[in-house]
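Pasted below: input_13.csv, CSV, C-alpha atoms.
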chain,number,residue,atom,x,y,z
P,1,MET,CA,-77.9,-124.8,-88.3
P,2,ILE,CA,-78.3,-121.3,-87.0
P,3,LYS,CA,-80.9,-120.8,-84.4
P,4,ALA,CA,-82.8,-117.6,-83.7
P,5,VAL,CA,-85.7,-116.3,-81.7
P,6,GLN,CA,-88.1,-113.6,-82.7
P,7,LYS,CA,-87.6,-110.2,-81.0
P,8,PRO,CA,-90.3,-108.9,-78.7
P,9,ILE,CA,-93.1,-107.3,-80.8
P,10,ASP,CA,-92.9,-104.1,-78.8
P,11,GLU,CA,-89.2,-103.7,-79.8
P,12,ILE,CA,-90.1,-104.4,-83.5
P,13,LEU,CA,-92.9,-101.9,-83.3
P,14,SER,CA,-90.6,-99.3,-81.9
P,15,TYR,CA,-88.2,-99.7,-84.9
P,16,LEU,CA,-91.2,-99.2,-87.3
P,17,ASP,CA,-92.9,-96.4,-85.5
P,18,THR,CA,-92.2,-93.8,-88.2
P,19,TYR,CA,-92.8,-96.0,-91.2
P,20,SER,CA,-96.1,-96.8,-93.0
P,21,LYS,CA,-95.0,-99.2,-95.7
P,22,ILE,CA,-92.4,-102.0,-95.1
P,23,LEU,CA,-91.1,-105.1,-96.7
P,24,LEU,CA,-91.1,-108.1,-94.3
P,25,SER,CA,-88.6,-110.7,-95.4
P,26,GLY,CA,-88.1,-114.1,-94.0
P,27,CYS,CA,-85.6,-116.7,-94.9
P,28,GLY,CA,-86.2,-120.2,-96.2
P,29,ALA,CA,-83.2,-121.8,-94.5
P,30,CYS,CA,-82.1,-122.0,-90.9
P,31,VAL,CA,-84.8,-119.7,-89.4
P,32,THR,CA,-87.5,-121.7,-91.1
P,33,VAL,CA,-86.2,-124.9,-89.5
P,34,CYS,CA,-86.3,-123.3,-86.0
P,35,HIS,CA,-89.6,-121.6,-86.7
P,36,SER,CA,-88.5,-118.1,-86.1
P,37,GLY,CA,-88.3,-116.6,-89.5
P,38,GLY,CA,-89.8,-118.8,-92.2
P,39,GLU,CA,-92.8,-118.1,-94.4
P,40,LYS,CA,-95.3,-119.0,-91.7
P,41,GLU,CA,-93.6,-116.7,-89.1
P,42,VAL,CA,-93.5,-113.9,-91.7
P,43,ALA,CA,-97.3,-114.2,-92.1
P,44,LEU,CA,-97.9,-114.4,-88.3
P,45,LEU,CA,-95.7,-111.4,-87.6
P,46,ALA,CA,-97.2,-109.4,-90.5
P,47,SER,CA,-100.7,-110.0,-89.2
P,48,SER,CA,-99.7,-109.2,-85.6
P,49,LEU,CA,-97.9,-106.0,-86.6
P,50,LYS,CA,-100.9,-104.8,-88.8
P,51,MET,CA,-103.3,-105.4,-85.9
P,52,ALA,CA,-101.0,-103.7,-83.4
P,53,ARG,CA,-100.7,-100.7,-85.6
P,54,ASN,CA,-104.4,-100.5,-86.5
P,55,LYS,CA,-105.1,-100.5,-82.8
P,56,MET,CA,-102.8,-97.4,-82.5
P,57,GLY,CA,-104.7,-95.9,-85.4
P,58,LYS,CA,-101.5,-95.9,-87.6
P,59,ASN,CA,-102.0,-98.1,-90.6
P,60,LEU,CA,-99.0,-100.3,-91.6
P,61,ASP,CA,-98.8,-101.7,-95.1
P,62,ILE,CA,-96.7,-104.8,-95.2
P,63,MET,CA,-95.3,-106.7,-98.2
P,64,GLU,CA,-94.1,-110.2,-97.5
P,65,ILE,CA,-91.4,-112.3,-99.1
P,66,THR,CA,-89.4,-115.3,-98.1
P,67,PRO,CA,-86.4,-116.0,-100.3
P,68,ALA,CA,-84.8,-119.5,-100.2
P,69,ARG,CA,-81.7,-118.2,-98.4
P,70,GLN,CA,-81.4,-114.5,-97.5
P,71,CYS,CA,-77.6,-114.8,-96.8
P,72,GLU,CA,-76.9,-115.6,-100.5
P,73,PRO,CA,-76.8,-112.5,-102.7
P,74,GLU,CA,-78.5,-114.4,-105.6
P,75,PHE,CA,-81.5,-115.0,-103.5
P,76,ALA,CA,-81.4,-111.7,-101.5
P,77,LEU,CA,-81.6,-109.9,-104.8
P,78,GLU,CA,-85.1,-111.3,-105.3
P,79,LEU,CA,-86.1,-108.5,-103.1
P,80,ALA,CA,-84.9,-105.9,-105.5
P,81,GLY,CA,-88.2,-105.3,-107.2
P,82,MET,CA,-90.0,-104.9,-103.9
P,83,VAL,CA,-87.5,-102.7,-102.1
P,84,GLU,CA,-88.4,-99.7,-104.3
P,85,GLY,CA,-91.4,-98.0,-102.8
P,86,VAL,CA,-91.1,-99.3,-99.2
P,87,ASP,CA,-89.9,-97.2,-96.3
P,88,ALA,CA,-87.9,-100.0,-94.6
P,89,ILE,CA,-87.1,-103.7,-94.6
P,90,LEU,CA,-87.8,-105.9,-91.6
P,91,SER,CA,-85.8,-109.1,-91.8
P,92,LEU,CA,-86.5,-112.3,-90.0
P,93,SER,CA,-83.3,-113.8,-91.2
P,94,CYS,CA,-80.3,-114.4,-88.9
P,95,GLY,CA,-77.7,-111.6,-88.5
P,96,VAL,CA,-75.9,-112.8,-91.6
P,97,GLY,CA,-79.0,-112.4,-93.9
P,98,VAL,CA,-79.7,-108.9,-92.5
P,99,GLN,CA,-76.1,-107.9,-93.4
P,100,THR,CA,-76.5,-109.4,-96.9
P,101,LEU,CA,-79.5,-107.1,-97.4
P,102,ALA,CA,-77.6,-104.1,-96.0
P,103,ARG,CA,-74.7,-104.8,-98.4
P,104,ASN,CA,-77.0,-105.1,-101.4
P,105,PHE,CA,-79.5,-102.4,-100.8
P,106,ASN,CA,-77.6,-99.3,-99.9
P,107,ASN,CA,-80.5,-96.9,-99.6
P,108,ALA,CA,-82.9,-99.1,-97.6
P,109,MET,CA,-83.3,-99.0,-93.8
P,110,ILE,CA,-83.0,-102.5,-92.6
P,111,PHE,CA,-84.1,-103.8,-89.1
P,112,PRO,CA,-83.6,-107.2,-87.6
P,113,GLY,CA,-86.7,-109.0,-86.4
P,114,VAL,CA,-85.0,-111.9,-84.7
P,115,ASN,CA,-82.1,-112.4,-82.3
P,116,THR,CA,-79.6,-114.8,-83.6
P,117,VAL,CA,-78.8,-117.1,-80.7
P,118,PHE,CA,-76.6,-120.1,-81.6
P,119,MET,CA,-75.6,-122.9,-83.9
P,120,GLY,CA,-77.4,-126.0,-82.8
P,121,GLU,CA,-79.4,-129.2,-83.3
P,122,THR,CA,-83.0,-130.0,-83.3
P,123,VAL,CA,-83.2,-132.4,-80.3
P,124,THR,CA,-87.0,-132.9,-80.6
P,125,HIS,CA,-89.9,-131.1,-82.2
P,126,GLY,CA,-89.8,-127.6,-80.8
P,127,ALA,CA,-86.5,-127.9,-78.9
P,128,TRP,CA,-83.1,-126.8,-80.1
P,129,GLU,CA,-79.7,-127.0,-78.3
P,130,GLU,CA,-76.4,-125.4,-78.9
P,131,ARG,CA,-73.8,-127.7,-80.5
P,132,CYS,CA,-71.1,-125.6,-82.1
P,133,GLN,CA,-69.3,-122.3,-81.4
P,134,ALA,CA,-67.3,-122.2,-84.7
P,135,CYS,CA,-64.1,-122.2,-82.7
P,136,GLY,CA,-62.1,-122.8,-85.8
P,137,ASN,CA,-60.3,-126.0,-84.9
P,138,CYS,CA,-62.6,-128.9,-84.4
P,139,ILE,CA,-61.5,-131.5,-81.7
P,140,LEU,CA,-64.6,-133.7,-82.0
P,141,GLU,CA,-62.4,-136.7,-83.0
P,142,ARG,CA,-60.9,-136.6,-79.5
P,143,THR,CA,-64.1,-136.2,-77.6
P,144,GLY,CA,-66.3,-138.9,-79.1
P,145,GLY,CA,-68.3,-136.4,-81.1
P,146,VAL,CA,-69.4,-134.3,-78.2
P,147,CYS,CA,-68.1,-130.7,-78.2
P,148,PRO,CA,-66.8,-129.4,-74.8
P,149,ILE,CA,-66.4,-125.9,-76.3
P,150,ALA,CA,-70.1,-125.5,-77.0
P,151,ARG,CA,-71.5,-127.8,-74.3
P,152,CYS,CA,-69.3,-127.4,-71.3
P,153,ALA,CA,-70.1,-124.2,-69.3
P,154,LYS,CA,-66.4,-123.7,-68.6
P,155,GLN,CA,-65.3,-124.9,-72.1
P,156,LEU,CA,-62.9,-127.3,-70.4
P,157,LEU,CA,-60.7,-129.2,-72.8
P,158,ASN,CA,-59.8,-131.7,-70.1
P,159,GLY,CA,-62.8,-132.1,-67.9
P,160,PRO,CA,-64.9,-132.7,-66.0
P,161,CYS,CA,-64.7,-130.1,-63.3
P,162,GLY,CA,-65.8,-130.5,-59.7
P,163,GLY,CA,-69.2,-129.1,-60.5
P,164,SER,CA,-70.3,-132.3,-62.4
P,165,SER,CA,-72.8,-134.2,-60.3
P,166,LYS,CA,-74.8,-137.3,-61.4
P,167,GLY,CA,-74.2,-136.4,-65.0
P,168,LYS,CA,-75.5,-132.8,-64.7
P,169,CYS,CA,-73.7,-129.5,-64.8
P,170,GLU,CA,-73.8,-127.3,-61.7
P,171,ILE,CA,-75.0,-124.3,-63.6
P,172,LYS,CA,-78.5,-125.9,-64.3
P,173,GLU,CA,-80.1,-129.1,-63.2
P,174,ASP,CA,-81.3,-129.9,-66.7
P,175,THR,CA,-78.0,-129.3,-68.4
P,176,ASP,CA,-76.0,-132.4,-69.2
P,177,CYS,CA,-72.3,-132.4,-68.1
P,178,ALA,CA,-70.5,-132.4,-71.5
P,179,TRP,CA,-67.6,-134.3,-70.0
P,180,GLN,CA,-70.0,-137.0,-68.6
P,181,LEU,CA,-71.4,-137.3,-72.2
P,182,ILE,CA,-67.9,-137.5,-73.6
P,183,TYR,CA,-67.0,-140.2,-71.0
P,184,ASP,CA,-70.2,-142.2,-71.7
P,185,ARG,CA,-69.7,-142.0,-75.4
P,186,LEU,CA,-66.0,-143.0,-75.4
P,187,LYS,CA,-66.9,-145.9,-73.0
P,188,SER,CA,-69.5,-147.2,-75.4
P,189,LEU,CA,-67.0,-147.0,-78.2
P,190,GLY,CA,-64.3,-148.8,-76.2
P,191,GLN,CA,-62.0,-145.8,-76.4
P,192,LEU,CA,-61.7,-144.6,-72.9
P,193,GLN,CA,-57.9,-144.5,-73.3
P,194,LYS,CA,-58.5,-141.3,-75.3
P,195,LEU,CA,-59.2,-139.5,-72.0
P,196,GLN,CA,-55.6,-140.1,-70.9
P,197,GLU,CA,-54.4,-137.9,-73.7
P,198,ILE,CA,-54.1,-134.3,-72.6
P,199,ILE,CA,-55.8,-131.9,-75.1
P,200,PRO,CA,-53.6,-128.8,-75.4
P,201,ALA,CA,-55.0,-125.4,-74.9
P,202,LYS,CA,-56.6,-124.0,-78.0
P,203,ASN,CA,-54.8,-121.3,-80.0
P,204,TRP,CA,-57.6,-118.8,-79.8
P,205,GLY,CA,-55.4,-116.1,-81.2
P,206,THR,CA,-55.0,-117.7,-84.7
P,207,GLU,CA,-58.0,-120.1,-84.8
P,208,SER,CA,-60.8,-117.9,-83.5
P,209,ARG,CA,-61.9,-114.4,-84.1
P,210,ASP,CA,-59.5,-112.8,-81.8
P,211,LYS,CA,-57.8,-111.7,-85.0
P,212,GLY,CA,-61.0,-110.0,-86.2
P,213,PRO,CA,-63.7,-111.3,-88.6
P,214,ARG,CA,-62.7,-114.6,-90.2
P,215,LYS,CA,-62.7,-115.1,-93.9
P,216,ILE,CA,-62.5,-118.1,-96.2
P,217,VAL,CA,-61.3,-117.7,-99.8
P,218,ARG,CA,-61.3,-120.4,-102.4
P,219,GLU,CA,-59.5,-119.0,-105.5
P,220,ASP,CA,-60.7,-122.0,-107.6
P,221,LEU,CA,-64.3,-121.1,-107.1
P,222,LYS,CA,-64.0,-117.4,-107.9
P,223,ILE,CA,-65.6,-116.2,-111.1
Y,1,MET,CA,-126.7,-104.0,-78.4
Y,2,PHE,CA,-123.3,-105.0,-79.8
Y,3,ASP,CA,-123.5,-108.2,-81.8
Y,4,PRO,CA,-120.0,-109.5,-82.1
Y,5,LYS,CA,-118.9,-111.2,-85.4
Y,6,ILE,CA,-117.7,-114.7,-84.6
Y,7,VAL,CA,-115.8,-117.0,-86.8
Y,8,ALA,CA,-116.1,-120.7,-85.9
Y,9,PHE,CA,-113.7,-123.2,-87.3
Y,10,CYS,CA,-115.5,-126.5,-87.0
Y,11,CYS,CA,-114.0,-130.0,-87.3
Y,12,GLU,CA,-116.1,-132.0,-89.8
Y,13,GLN,CA,-116.0,-135.0,-87.5
Y,14,SER,CA,-117.6,-133.1,-84.5
Y,15,GLY,CA,-118.2,-129.4,-84.8
Y,16,ILE,CA,-120.1,-129.5,-88.1
Y,17,PRO,CA,-122.4,-132.4,-87.1
Y,18,ALA,CA,-123.0,-130.6,-83.8
Y,19,ALA,CA,-123.9,-127.4,-85.7
Y,20,GLU,CA,-126.3,-129.4,-87.9
Y,21,MET,CA,-127.9,-131.0,-84.8
Y,22,CYS,CA,-128.8,-127.5,-83.7
Y,23,LYS,CA,-130.9,-127.2,-86.8
Y,24,SER,CA,-132.6,-130.6,-86.3
Y,25,LEU,CA,-133.3,-129.7,-82.7
Y,26,LYS,CA,-134.7,-126.3,-84.0
Y,27,LEU,CA,-132.4,-124.4,-81.6
Y,28,GLU,CA,-131.9,-120.8,-82.3
Y,29,VAL,CA,-128.3,-120.2,-83.5
Y,30,TYR,CA,-126.6,-116.9,-83.0
Y,31,ALA,CA,-126.9,-115.0,-86.3
Y,32,ASN,CA,-123.6,-113.1,-86.6
Y,33,LEU,CA,-121.7,-116.3,-87.0
Y,34,GLU,CA,-119.5,-117.6,-89.9
Y,35,ILE,CA,-118.9,-121.3,-89.8
Y,36,VAL,CA,-115.7,-122.5,-91.5
Y,37,PRO,CA,-115.5,-126.3,-91.9
Y,38,VAL,CA,-112.1,-127.9,-91.6
Y,39,PRO,CA,-111.5,-131.7,-92.2
Y,40,CYS,CA,-109.8,-131.9,-88.7
Y,41,ALA,CA,-109.1,-129.2,-86.1
Y,42,GLY,CA,-105.4,-130.1,-86.7
Y,43,ARG,CA,-105.8,-128.4,-90.1
Y,44,MET,CA,-106.0,-125.1,-88.2
Y,45,GLU,CA,-102.9,-123.0,-88.7
Y,46,THR,CA,-102.1,-120.2,-86.2
Y,47,ILE,CA,-102.4,-117.7,-89.0
Y,48,PHE,CA,-106.0,-118.6,-89.6
Y,49,LEU,CA,-106.9,-117.4,-86.1
Y,50,LEU,CA,-105.0,-114.1,-86.5
Y,51,LYS,CA,-106.3,-113.5,-90.1
Y,52,ALA,CA,-109.9,-113.9,-88.9
Y,53,LEU,CA,-109.3,-111.2,-86.3
Y,54,GLU,CA,-107.3,-109.0,-88.7
Y,55,ARG,CA,-110.1,-109.2,-91.2
Y,56,GLY,CA,-112.8,-108.1,-88.8
Y,57,ALA,CA,-113.9,-110.9,-86.5
Y,58,ASP,CA,-114.5,-110.0,-82.9
Y,59,GLY,CA,-113.8,-113.5,-81.7
Y,60,VAL,CA,-112.8,-116.9,-83.0
Y,61,LEU,CA,-114.0,-120.3,-81.8
Y,62,ILE,CA,-112.6,-123.7,-82.7
Y,63,PHE,CA,-115.0,-126.6,-82.3
Y,64,ALA,CA,-112.9,-129.8,-82.1
Y,65,CYS,CA,-113.4,-133.4,-81.1
Y,66,HIS,CA,-112.8,-134.5,-77.5
Y,67,GLU,CA,-109.2,-135.1,-76.6
Y,68,GLU,CA,-108.2,-138.8,-77.1
Y,69,ASN,CA,-111.0,-139.0,-79.7
Y,70,CYS,CA,-109.4,-137.4,-82.8
Y,71,GLN,CA,-109.8,-139.5,-86.0
Y,72,TYR,CA,-106.3,-138.2,-87.0
Y,73,LEU,CA,-104.9,-139.0,-83.5
Y,74,ARG,CA,-103.7,-135.6,-82.2
Y,75,GLY,CA,-105.3,-132.9,-84.4
Y,76,ASN,CA,-107.4,-131.5,-81.6
Y,77,VAL,CA,-104.4,-131.3,-79.3
Y,78,ARG,CA,-102.4,-129.5,-82.0
Y,79,ALA,CA,-105.2,-127.1,-82.5
Y,80,LYS,CA,-105.2,-126.3,-78.8
Y,81,SER,CA,-101.4,-125.7,-78.8
Y,82,ARG,CA,-101.8,-123.3,-81.8
Y,83,LEU,CA,-104.6,-121.5,-80.2
Y,84,LEU,CA,-102.6,-121.0,-77.0
Y,85,TYR,CA,-99.7,-119.7,-79.1
Y,86,ALA,CA,-102.0,-117.3,-80.9
Y,87,ARG,CA,-103.4,-116.1,-77.5
Y,88,ASN,CA,-99.9,-115.2,-76.4
Y,89,MET,CA,-99.4,-113.3,-79.6
Y,90,LEU,CA,-102.6,-111.4,-79.0
Y,91,GLU,CA,-101.5,-110.5,-75.5
Y,92,THR,CA,-98.2,-109.0,-76.8
Y,93,ILE,CA,-100.2,-106.6,-79.0
Y,94,GLY,CA,-102.6,-105.7,-76.2
Y,95,LEU,CA,-105.7,-107.8,-77.4
Y,96,GLU,CA,-107.7,-109.9,-75.0
Y,97,LYS,CA,-106.8,-113.6,-75.2
Y,98,GLY,CA,-110.4,-114.5,-74.6
Y,99,ARG,CA,-111.1,-113.5,-78.2
Y,100,LEU,CA,-109.8,-117.0,-79.1
Y,101,GLU,CA,-111.5,-120.0,-77.6
Y,102,ILE,CA,-111.6,-123.8,-78.2
Y,103,CYS,CA,-114.4,-126.2,-77.3
Y,104,ASN,CA,-114.2,-130.0,-77.4
Y,105,LEU,CA,-117.5,-131.7,-78.2
Y,106,ALA,CA,-119.1,-134.7,-79.8
Y,107,THR,CA,-121.2,-135.1,-82.9
Y,108,ASN,CA,-124.4,-135.0,-80.9
Y,109,SER,CA,-123.5,-132.0,-78.8
Y,110,GLY,CA,-125.9,-129.5,-80.5
Y,111,VAL,CA,-127.0,-128.0,-77.1
Y,112,LYS,CA,-123.3,-127.6,-76.0
Y,113,PHE,CA,-122.6,-125.9,-79.4
Y,114,ILE,CA,-125.3,-123.3,-78.7
Y,115,GLU,CA,-124.3,-122.8,-75.1
Y,116,VAL,CA,-120.6,-122.3,-75.9
Y,117,LEU,CA,-121.5,-119.9,-78.7
Y,118,ASN,CA,-123.8,-117.9,-76.5
Y,119,ASP,CA,-121.1,-117.8,-73.7
Y,120,MET,CA,-118.6,-116.5,-76.3
Y,121,VAL,CA,-121.1,-113.8,-77.4
Y,122,GLU,CA,-121.5,-112.6,-73.8
Y,123,GLN,CA,-117.7,-112.7,-73.3
Y,124,LEU,CA,-117.1,-110.6,-76.4
Y,125,ARG,CA,-119.9,-108.1,-75.5
Y,126,LYS,CA,-118.0,-107.4,-72.3
Y,127,MET,CA,-114.8,-106.9,-74.3
Y,128,GLY,CA,-116.3,-104.7,-76.9
Y,129,PRO,CA,-115.5,-104.6,-80.6
Y,130,ASN,CA,-112.2,-105.8,-82.0
Y,131,PRO,CA,-110.1,-102.7,-82.1
Y,132,CYS,CA,-107.6,-104.1,-84.7
Y,133,PRO,CA,-109.4,-104.9,-88.0
Y,134,SER,CA,-107.5,-103.7,-91.0
Y,135,SER,CA,-108.4,-100.3,-92.3
Y,136,GLU,CA,-109.6,-101.9,-95.6
Y,137,VAL,CA,-112.1,-104.0,-93.7
Y,138,VAL,CA,-113.3,-101.0,-91.8
Y,139,LYS,CA,-113.7,-99.1,-95.1
Y,140,GLU,CA,-115.7,-102.0,-96.6
Y,141,CYS,CA,-118.0,-102.0,-93.6
Y,142,VAL,CA,-118.5,-98.2,-93.8
Y,143,ASN,CA,-119.3,-98.5,-97.5
Y,144,ASP,CA,-121.7,-101.4,-96.9
Y,145,LYS,CA,-123.5,-99.3,-94.3
Y,146,SER,CA,-123.7,-96.3,-96.5
Y,147,ARG,CA,-124.9,-98.4,-99.4
Y,148,SER,CA,-127.6,-100.0,-97.2
Y,149,LYS,CA,-128.7,-96.5,-96.1
Y,150,THR,CA,-129.0,-95.3,-99.7
Y,151,ASN,CA,-130.9,-98.4,-100.6
Please lay out the structure from this file as structure tokens.
Amino acid sequence: MIKAVQKPIDEILSYLDTYSKILLSGCGACVTVCHSGGEKEVALLASSLKMARNKMGKNLDIMEITPARQCEPEFALELAGMVEGVDAILSLSCGVGVQTLARNFNNAMIFPGVNTVFMGETVTHGAWEERCQACGNCILERTGGVCPIARCAKQLLNGPCGGSSKGKCEIKEDTDCAWQLIYDRLKSLGQLQKLQEIIPAKNWGTESRDKGPRKIVREDLKI
Amino acid sequence: MFDPKIVAFCCEQSGIPAAEMCKSLKLEVYANLEIVPVPCAGRMETIFLLKALERGADGVLIFACHEENCQYLRGNVRAKSRLLYARNMLETIGLEKGRLEICNLATNSGVKFIEVLNDMVEQLRKMGPNPCPSSEVVKECVNDKSRSKTN
């Protein structure tokens, strides 16, 4: 799922400096799971913002809502009744959800309240790690289910590099070498011969966003 | 002298019995105190701490069981984590983190309950009134004062 972290409150306060009534919208999907923009975080941020503004002597009226998924127009439109009468919307959704609101509410100022960071996995309570970069052509079948694009600092397709030491990456002591993980995994699966196959360079030009924003169209699903 | 408003979230396994022991020992309990019983300190949500301050408390205390002695295993540890998180939030908006405190005690710690409470009162007196209560709460307070004057 998409992972995000809340922006510093000073930065958020600077966005809202000239406004006195805002709608604070969370999202019930990815940012709820990583505790940066769910219903609880909406309440905490609203309380903090109100106190910070009261301390400045500038009252801030905040309405709160957390649709199930802000990146889906059907759910985003739940905000419609509340957008009227507010000066701006502060969204704790990922960048996708912010843009869904921008597309659907032409006349509303919309500010992001989180920084969208990566697509990742919950490794333990309170810790998330990057796992996918949406490269557009998955090679996990060749690497034992460990992605070298997302998890190798050099994105090597045929690793490891000389910086791998005792299973760790040279960039950080606590970062696992992706190619060590791939080796260990293939060994446990009895498929080490896969490492003898050279993985060809990825065709970033056609598979990735070098050709601009990507799009998926399913004609059969269109209404 | 400034008498800070204190909200105390008390675990029903420790904080509440300790508060009741104060009565049986006939100890004088600080007057501007609102006790909120919770079944376990782990029931505390971070938002409870912020809401108490937002709605006019000058300080918030959590009375929880001693660590390793929670009936629900880790409720007191969770409460402490949430309090530390809320303290960080306070710092980001320029409020003193000492407005939020936690105390681990036992059912028979009536004297400790009073001591911690009195220490908190002194600490809050040094900090001064909470500068952040919502304007509606301030209006309510002003109206209450004007009503009491007319009465």
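From CA of Ile65 (chain P) back to CA of Leu24 (chain P), the distance works out to 6.4 Å.
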Q. Which is closer to chain Y than all the others in P:Ser208, P:Ser36, P:Asn54, P:Ser14, using only C-alpha atoms?
A.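 Among the listed residues, the smallest separation from chain Y belongs to P:Asn54.
The shortest atom-to-atom distance to Asn115 (chain P), with only C-alpha atoms taken into account, belongs to P:Cys94 out of P:Cys94, P:Lys172, P:Cys132, P:Ile89.
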TODO: Just give me the gap between CA of Gly75 (chain Y) and CA of Ile16 (chain Y) in Å, one decimal is fine.
DONE: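 Computing the Euclidean distance for CA of Gly75 (chain Y) and CA of Ile16 (chain Y) yields 15.6 Å.
The two atoms in question, CA of Cys27 (chain P) and CA of Ala76 (chain P), are spaced 9.3 Å apart.
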Residue hits in chain P, query chain Y, radius 12 Å, all atoms listed in the file, as a tab-separated table (two decimals) with C-alpha atoms, in the frame of the given file:
chain	number	residue	atom	x	y	z
P	6	GLN	CA	-88.10	-113.60	-82.70
P	7	LYS	CA	-87.60	-110.20	-81.00
P	8	PRO	CA	-90.30	-108.90	-78.70
P	9	ILE	CA	-93.10	-107.30	-80.80
P	10	ASP	CA	-92.90	-104.10	-78.80
P	11	GLU	CA	-89.20	-103.70	-79.80
P	12	ILE	CA	-90.10	-104.40	-83.50
P	13	LEU	CA	-92.90	-101.90	-83.30
P	39	GLU	CA	-92.80	-118.10	-94.40
P	40	LYS	CA	-95.30	-119.00	-91.70
P	41	GLU	CA	-93.60	-116.70	-89.10
P	42	VAL	CA	-93.50	-113.90	-91.70
P	43	ALA	CA	-97.30	-114.20	-92.10
P	44	LEU	CA	-97.90	-114.40	-88.30
P	45	LEU	CA	-95.70	-111.40	-87.60
P	46	ALA	CA	-97.20	-109.40	-90.50
P	47	SER	CA	-100.70	-110.00	-89.20
P	48	SER	CA	-99.70	-109.20	-85.60
P	49	LEU	CA	-97.90	-106.00	-86.60
P	50	LYS	CA	-100.90	-104.80	-88.80
P	51	MET	CA	-103.30	-105.40	-85.90
P	52	ALA	CA	-101.00	-103.70	-83.40
P	53	ARG	CA	-100.70	-100.70	-85.60
P	54	ASN	CA	-104.40	-100.50	-86.50
P	55	LYS	CA	-105.10	-100.50	-82.80
P	56	MET	CA	-102.80	-97.40	-82.50
P	57	GLY	CA	-104.70	-95.90	-85.40
P	58	LYS	CA	-101.50	-95.90	-87.60
P	59	ASN	CA	-102.00	-98.10	-90.60
P	60	LEU	CA	-99.00	-100.30	-91.60
P	61	ASP	CA	-98.80	-101.70	-95.10
P	62	ILE	CA	-96.70	-104.80	-95.20
P	126	GLY	CA	-89.80	-127.60	-80.80
I'd like to know which of P:Ala201, P:Val98, P:Asn107, P:Ser25 is closest to Glu78 (chain P), using all atoms listed in the file.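 Ranking P:Ala201, P:Val98, P:Asn107, P:Ser25 by distance to Glu78 (chain P), first place goes to P:Ser25.
Of the residues listed (Y:Tyr85, Y:Phe2, Y:Phe63, Y:Tyr72), Y:Phe63 shows the shortest atom-to-atom separation from Ala18 (chain Y); distances use only C-alpha atoms.
Near (-67.2, -127.4, -86.1), the residues inside the 12 Å limit, counting only C-alpha atoms, come to Met1, Met119, Gly120, Glu130, Arg131, Cys132, Gln133, Ala134, Cys135, Gly136, Asn137, Cys138, Ile139, Leu140, Glu141, Gly145, Val146, Cys147, Pro148, Ile149, Ala150, Glu207 and Ser208 of chain P.
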Problem - All residues 10 Å or closer to Phe9 (chain Y), only C-alpha atoms, same chain fewer than 4 positions away omitted, as a list in words - result: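 The residues satisfying every condition are Gly15, Ile16, Glu34, Ile35, Val36, Pro37, Val38, Cys40, Ala41, Arg43, Met44, Phe48, Leu49, Val60, Leu61, Ile62, Phe63, Ala64 and Ile102 of chain Y.
Among the candidate residues Y:Gly56, Y:Arg87, Y:Asn76, Y:Ala106, the one lying nearest to Pro17 (chain Y) is Y:Ala106, with distances computed using only C-alpha atoms.
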May I have the residues within 9 Å of Glu129 (chain P) as an mmCIF file with C-alpha atoms, in the coordinates of the input, using all atoms listed in the file and disregarding those fewer than 3 positions away in the same chain?
data_model
loop_
_atom_site.group_PDB
_atom_site.id
_atom_site.type_symbol
_atom_site.label_atom_id
_atom_site.label_comp_id
_atom_site.auth_asym_id
_atom_site.auth_seq_id
_atom_site.Cartn_x
_atom_site.Cartn_y
_atom_site.Cartn_z
ATOM 1 C CA LYS P 3 -80.900 -120.800 -84.400
ATOM 2 C CA PHE P 118 -76.600 -120.100 -81.600
ATOM 3 C CA MET P 119 -75.600 -122.900 -83.900
ATOM 4 C CA GLY P 120 -77.400 -126.000 -82.800
ATOM 5 C CA GLU P 121 -79.400 -129.200 -83.300
ATOM 6 C CA THR P 122 -83.000 -130.000 -83.300
ATOM 7 C CA VAL P 123 -83.200 -132.400 -80.300
#
Leaving out Tyr183 (chain P) and any residue of its chain fewer than 6 positions from it, which residues lie within 10 Å of it when counting all atoms listed in the file, given as a list of chain:residue names?
P:Thr143, P:Gly144, P:Val146, P:Gly159, P:Pro160, P:Cys177, P:Leu189, P:Gln191, P:Leu192, P:Lys194, P:Leu195
**Prompt:** Closest to Leu73 (chain Y) among Y:Val121, Y:Phe113, Y:Cys10, Y:Gly42, using all atoms listed in the file?
**Reply:**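 Among Y:Val121, Y:Phe113, Y:Cys10, Y:Gly42, it is Y:Gly42 that comes nearest to Leu73 (chain Y).
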*Please identify all polymer residues within 12 Å of Thr175 (chain P), counting all atoms listed in the file, omitting same-chain residues fewer than 5 positions from it, and present them as a PyMOL selection string.*
chain P and resi 129-130+151-153+163-170+180-181
Store the residues of this selection in a file with C-alpha atoms, as a tab-separated table (two decimals), keeping the file's coordinate frame.
chain	number	residue	atom	x	y	z
P	129	GLU	CA	-79.70	-127.00	-78.30
P	130	GLU	CA	-76.40	-125.40	-78.90
P	151	ARG	CA	-71.50	-127.80	-74.30
P	152	CYS	CA	-69.30	-127.40	-71.30
P	153	ALA	CA	-70.10	-124.20	-69.30
P	163	GLY	CA	-69.20	-129.10	-60.50
P	164	SER	CA	-70.30	-132.30	-62.40
P	165	SER	CA	-72.80	-134.20	-60.30
P	166	LYS	CA	-74.80	-137.30	-61.40
P	167	GLY	CA	-74.20	-136.40	-65.00
P	168	LYS	CA	-75.50	-132.80	-64.70
P	169	CYS	CA	-73.70	-129.50	-64.80
P	170	GLU	CA	-73.80	-127.30	-61.70
P	180	GLN	CA	-70.00	-137.00	-68.60
P	181	LEU	CA	-71.40	-137.30	-72.20
